[in-house]
Amino acid sequence: MPSSITGMREEESLTAREIENCIIEAQLLLMRDKPLDEIPITAIVAKAGVGRGTFYRHFKSKEDVIRRFFEHNEEDFHARMEGLRPQSKEDCRQVLVTAFSMFREQKDEIVALIHSDFSWLYLAMLRDGLGEFAKSFCGDDEVSRRYLPSFLAGSLLGVTMTWLSNACNTSDEEMADFFMRYTKLA
């Protein structure tokens, strides 16, 4: 993610993804101090250094910015997981270590989103992201295929919220091991 385009009006030299990232970053920075419903679009575009029209060319709403943040995270996660299929316990552990590493990297953003009551969107992103992961453990069990992604996502959300609020004082590896042990993935 570019550091910021605050004060820069040369939008045409940036890619669409870079402009989106600057808007996302600006909104998330503002959300550290205020809930989203108290942040006007004008404050977001001022912080990002873009015009209001640029905002609406890339996003439909402030909530759309949050969705795109999660989409970008999901893309990044899949890129980091390239070639890894969670079919063994060690692969499963590596997926979780990578997830906790990403959560640590984005601690401030995730905390801001949760404090602004966007945990439901975070939960949906986790559930969707864990769908394929869970299927590799379910076999033909239809009940598990239907409910395991939601179970794992809810567990991961709760654990992550507690871990983040405790300043991530447990290593990513220890968190992955804990999660695997208590969700019986180990």
# chains A, B, ... in the order shown; residues from 1 in each chain; ligands from 1
call {"tool": "select_by_dssp", "arguments": {"residues": "region 91-183 of chain A", "states": "helix (DSSP H, G or I)", "output": "number ranges by chain"}}
result
A: 91-105, 107-115, 119-138, 142-165, 172-182
call {"tool": "residues_around", "arguments": {"residues": "Phe118 (chain A)", "least_positions_apart": "2", "cutoff": "12 Å", "atoms": "only C-alpha atoms", "output": "PyMOL selection string"}}
result
chain A and resi 28+31+35-37+62-67+69-70+109-116+120-125+157
call {"tool": "write_last_selection", "arguments": {"atoms": "N, CA and C atoms", "output": "compact mmCIF listing (two decimals), in the first residue's frame"}}
result
# COMPACT_ATOMS: atom_id res chain seq x y z
N LEU A 28 -9.37 4.44 7.07
CA LEU A 28 -9.03 3.64 8.25
C LEU A 28 -8.27 4.46 9.29
N MET A 31 -10.81 6.40 11.09
CA MET A 31 -11.64 5.53 11.93
C MET A 31 -10.96 5.17 13.25
N PRO A 35 -16.00 6.91 14.94
CA PRO A 35 -16.76 5.87 14.22
C PRO A 35 -17.04 6.33 12.79
N LEU A 36 -17.22 5.38 11.90
CA LEU A 36 -17.39 5.69 10.49
C LEU A 36 -18.56 6.64 10.23
N ASP A 37 -19.65 6.46 10.97
CA ASP A 37 -20.82 7.31 10.71
C ASP A 37 -20.58 8.77 11.08
N LYS A 62 -18.85 4.76 1.94
CA LYS A 62 -17.80 4.50 2.93
C LYS A 62 -17.76 3.01 3.28
N GLU A 63 -18.91 2.37 3.28
CA GLU A 63 -18.97 0.94 3.57
C GLU A 63 -18.29 0.14 2.46
N ASP A 64 -18.41 0.62 1.23
CA ASP A 64 -17.75 -0.03 0.10
C ASP A 64 -16.23 0.01 0.26
N VAL A 65 -15.72 1.07 0.86
CA VAL A 65 -14.29 1.17 1.14
C VAL A 65 -13.86 0.02 2.06
N ILE A 66 -14.68 -0.24 3.07
CA ILE A 66 -14.39 -1.33 4.02
C ILE A 66 -14.40 -2.67 3.29
N ARG A 67 -15.40 -2.89 2.45
CA ARG A 67 -15.47 -4.14 1.69
C ARG A 67 -14.22 -4.33 0.83
N PHE A 69 -11.28 -3.06 1.35
CA PHE A 69 -10.16 -3.38 2.24
C PHE A 69 -10.09 -4.88 2.47
N PHE A 70 -11.23 -5.50 2.76
CA PHE A 70 -11.26 -6.94 2.99
C PHE A 70 -10.96 -7.72 1.71
N GLU A 109 -5.90 -1.33 11.89
CA GLU A 109 -7.04 -1.27 10.97
C GLU A 109 -8.17 -2.19 11.43
N ILE A 110 -7.81 -3.41 11.83
CA ILE A 110 -8.84 -4.36 12.28
C ILE A 110 -9.52 -3.87 13.55
N VAL A 111 -8.75 -3.35 14.49
CA VAL A 111 -9.34 -2.82 15.73
C VAL A 111 -10.29 -1.66 15.41
N ALA A 112 -9.88 -0.78 14.52
CA ALA A 112 -10.75 0.35 14.13
C ALA A 112 -12.05 -0.15 13.52
N LEU A 113 -11.96 -1.17 12.68
CA LEU A 113 -13.16 -1.72 12.04
C LEU A 113 -14.08 -2.38 13.06
N ILE A 114 -13.51 -3.10 13.99
CA ILE A 114 -14.32 -3.76 15.01
C ILE A 114 -14.97 -2.73 15.92
N HIS A 115 -14.25 -1.68 16.29
CA HIS A 115 -14.82 -0.63 17.14
C HIS A 115 -15.90 0.17 16.41
N SER A 116 -15.87 0.15 15.09
CA SER A 116 -16.91 0.83 14.31
C SER A 116 -18.02 -0.13 13.91
N TRP A 120 -19.13 -7.80 11.78
CA TRP A 120 -19.97 -8.67 10.95
C TRP A 120 -19.36 -8.84 9.56
N LEU A 121 -18.75 -7.78 9.03
CA LEU A 121 -18.14 -7.87 7.71
C LEU A 121 -16.83 -8.66 7.79
N TYR A 122 -16.11 -8.45 8.86
CA TYR A 122 -14.88 -9.21 9.10
C TYR A 122 -15.22 -10.69 9.25
N LEU A 123 -16.29 -10.99 9.97
CA LEU A 123 -16.74 -12.37 10.14
C LEU A 123 -17.11 -13.00 8.80
N ALA A 124 -17.84 -12.27 7.96
CA ALA A 124 -18.23 -12.78 6.64
C ALA A 124 -17.00 -13.05 5.78
N MET A 125 -16.01 -12.16 5.83
CA MET A 125 -14.78 -12.34 5.07
C MET A 125 -14.05 -13.60 5.56
N LEU A 157 -12.58 -15.10 14.80
CA LEU A 157 -12.90 -13.71 15.10
C LEU A 157 -12.75 -13.43 16.60
call {"tool": "residues_around", "arguments": {"residues": "region 94-108 of chain A", "least_positions_apart": "5", "cutoff": "9 Å", "atoms": "only C-alpha atoms", "output": "CSV table (one decimal) with N, CA and C atoms, in the first residue's frame"}}
result
chain,number,residue,atom,x,y,z
A,28,LEU,N,-9.4,4.4,7.1
A,28,LEU,CA,-9.0,3.6,8.3
A,28,LEU,C,-8.3,4.5,9.3
A,29,LEU,N,-7.4,5.4,8.8
A,29,LEU,CA,-6.7,6.3,9.8
A,29,LEU,C,-7.7,7.1,10.5
A,32,ARG,N,-9.7,5.4,13.4
A,32,ARG,CA,-9.0,5.2,14.7
A,32,ARG,C,-9.5,6.2,15.7
A,73,ASN,N,-7.3,-7.7,1.2
A,73,ASN,CA,-6.7,-8.6,2.2
A,73,ASN,C,-6.8,-10.0,1.8
A,77,PHE,N,-3.8,-12.5,1.0
A,77,PHE,CA,-3.7,-13.8,1.7
A,77,PHE,C,-3.6,-15.0,0.7
A,80,ARG,N,-0.1,-15.0,-0.7
A,80,ARG,CA,0.8,-15.6,0.3
A,80,ARG,C,0.7,-17.1,0.4
A,81,MET,N,-0.5,-17.6,0.1
A,81,MET,CA,-0.8,-19.0,0.3
A,81,MET,C,-0.6,-19.8,-1.0
A,84,LEU,N,0.0,-23.7,-1.5
A,84,LEU,CA,-0.2,-24.4,-0.2
A,84,LEU,C,-1.7,-24.8,-0.1
A,85,ARG,N,-1.9,-26.1,0.1
A,85,ARG,CA,-3.2,-26.6,0.2
A,85,ARG,C,-3.3,-27.2,1.6
A,86,PRO,N,-4.3,-26.8,2.4
A,86,PRO,CA,-4.3,-27.3,3.8
A,86,PRO,C,-4.9,-28.7,3.9
A,89,LYS,N,-1.7,-31.4,8.6
A,89,LYS,CA,-1.7,-30.6,9.8
A,89,LYS,C,-0.7,-29.4,9.7
A,113,LEU,N,-12.0,-1.2,12.7
A,113,LEU,CA,-13.2,-1.7,12.0
A,113,LEU,C,-14.1,-2.4,13.1
A,133,PHE,N,-10.8,-24.0,2.8
A,133,PHE,CA,-10.0,-24.6,3.9
A,133,PHE,C,-10.8,-25.6,4.7
A,160,THR,N,-9.1,-13.7,17.6
A,160,THR,CA,-8.3,-12.5,17.1
A,160,THR,C,-8.6,-11.2,17.8
A,164,LEU,N,-5.7,-9.3,19.6
A,164,LEU,CA,-5.4,-7.9,19.3
A,164,LEU,C,-5.5,-6.9,20.4
A,167,ALA,N,-2.5,-6.7,22.7
A,167,ALA,CA,-1.3,-6.2,22.0
A,167,ALA,C,-0.5,-7.3,21.3
A,168,CYS,N,-1.2,-8.3,20.9
A,168,CYS,CA,-0.6,-9.4,20.1
A,168,CYS,C,0.6,-10.0,20.9
A,171,SER,N,3.0,-15.2,20.1
A,171,SER,CA,3.5,-15.3,18.8
A,171,SER,C,2.4,-15.8,17.8
A,172,ASP,N,2.6,-15.5,16.5
A,172,ASP,CA,1.7,-16.0,15.5
A,172,ASP,C,1.7,-17.6,15.5
A,173,GLU,N,2.9,-18.2,15.7
A,173,GLU,CA,3.0,-19.6,15.8
A,173,GLU,C,2.2,-20.2,17.0
A,174,GLU,N,2.3,-19.6,18.1
A,174,GLU,CA,1.6,-20.0,19.3
A,174,GLU,C,0.1,-19.9,19.1
A,175,MET,N,-0.3,-18.8,18.5
A,175,MET,CA,-1.7,-18.6,18.2
A,175,MET,C,-2.3,-19.7,17.3
A,176,ALA,N,-1.5,-20.0,16.2
A,176,ALA,CA,-1.9,-21.0,15.3
A,176,ALA,C,-2.0,-22.4,16.0
A,177,ASP,N,-1.1,-22.7,16.9
A,177,ASP,CA,-1.1,-23.9,17.6
A,177,ASP,C,-2.3,-24.0,18.6
A,179,PHE,N,-5.1,-22.3,18.3
A,179,PHE,CA,-6.4,-22.4,17.5
A,179,PHE,C,-6.6,-23.8,17.0
A,180,MET,N,-5.5,-24.4,16.5
A,180,MET,CA,-5.6,-25.8,16.0
A,180,MET,C,-6.0,-26.8,17.1
call {"tool": "atom_distance", "arguments": {"atom1": "CA of Val45 (chain A)", "atom2": "CA of Arg68 (chain A)"}}
result
16.2 Å
call {"tool": "atom_distance", "arguments": {"atom1": "CA of Glu38 (chain A)", "atom2": "CA of Ile23 (chain A)"}}
result
16.6 Å
call {"tool": "closest_residue", "arguments": {"among": "A:Thr170, A:Met161, A:Thr183, A:Asp76", "to": "Leu148 (chain A)", "atoms": "only C-alpha atoms"}}
result
A:Thr183
call {"tool": "residues_around", "arguments": {"residues": "Leu152 (chain A)", "least_positions_apart": "3", "cutoff": "8 Å", "atoms": "only C-alpha atoms", "output": "PyMOL selection string"}}
result
chain A and resi 127+130+148-149+155-156+183
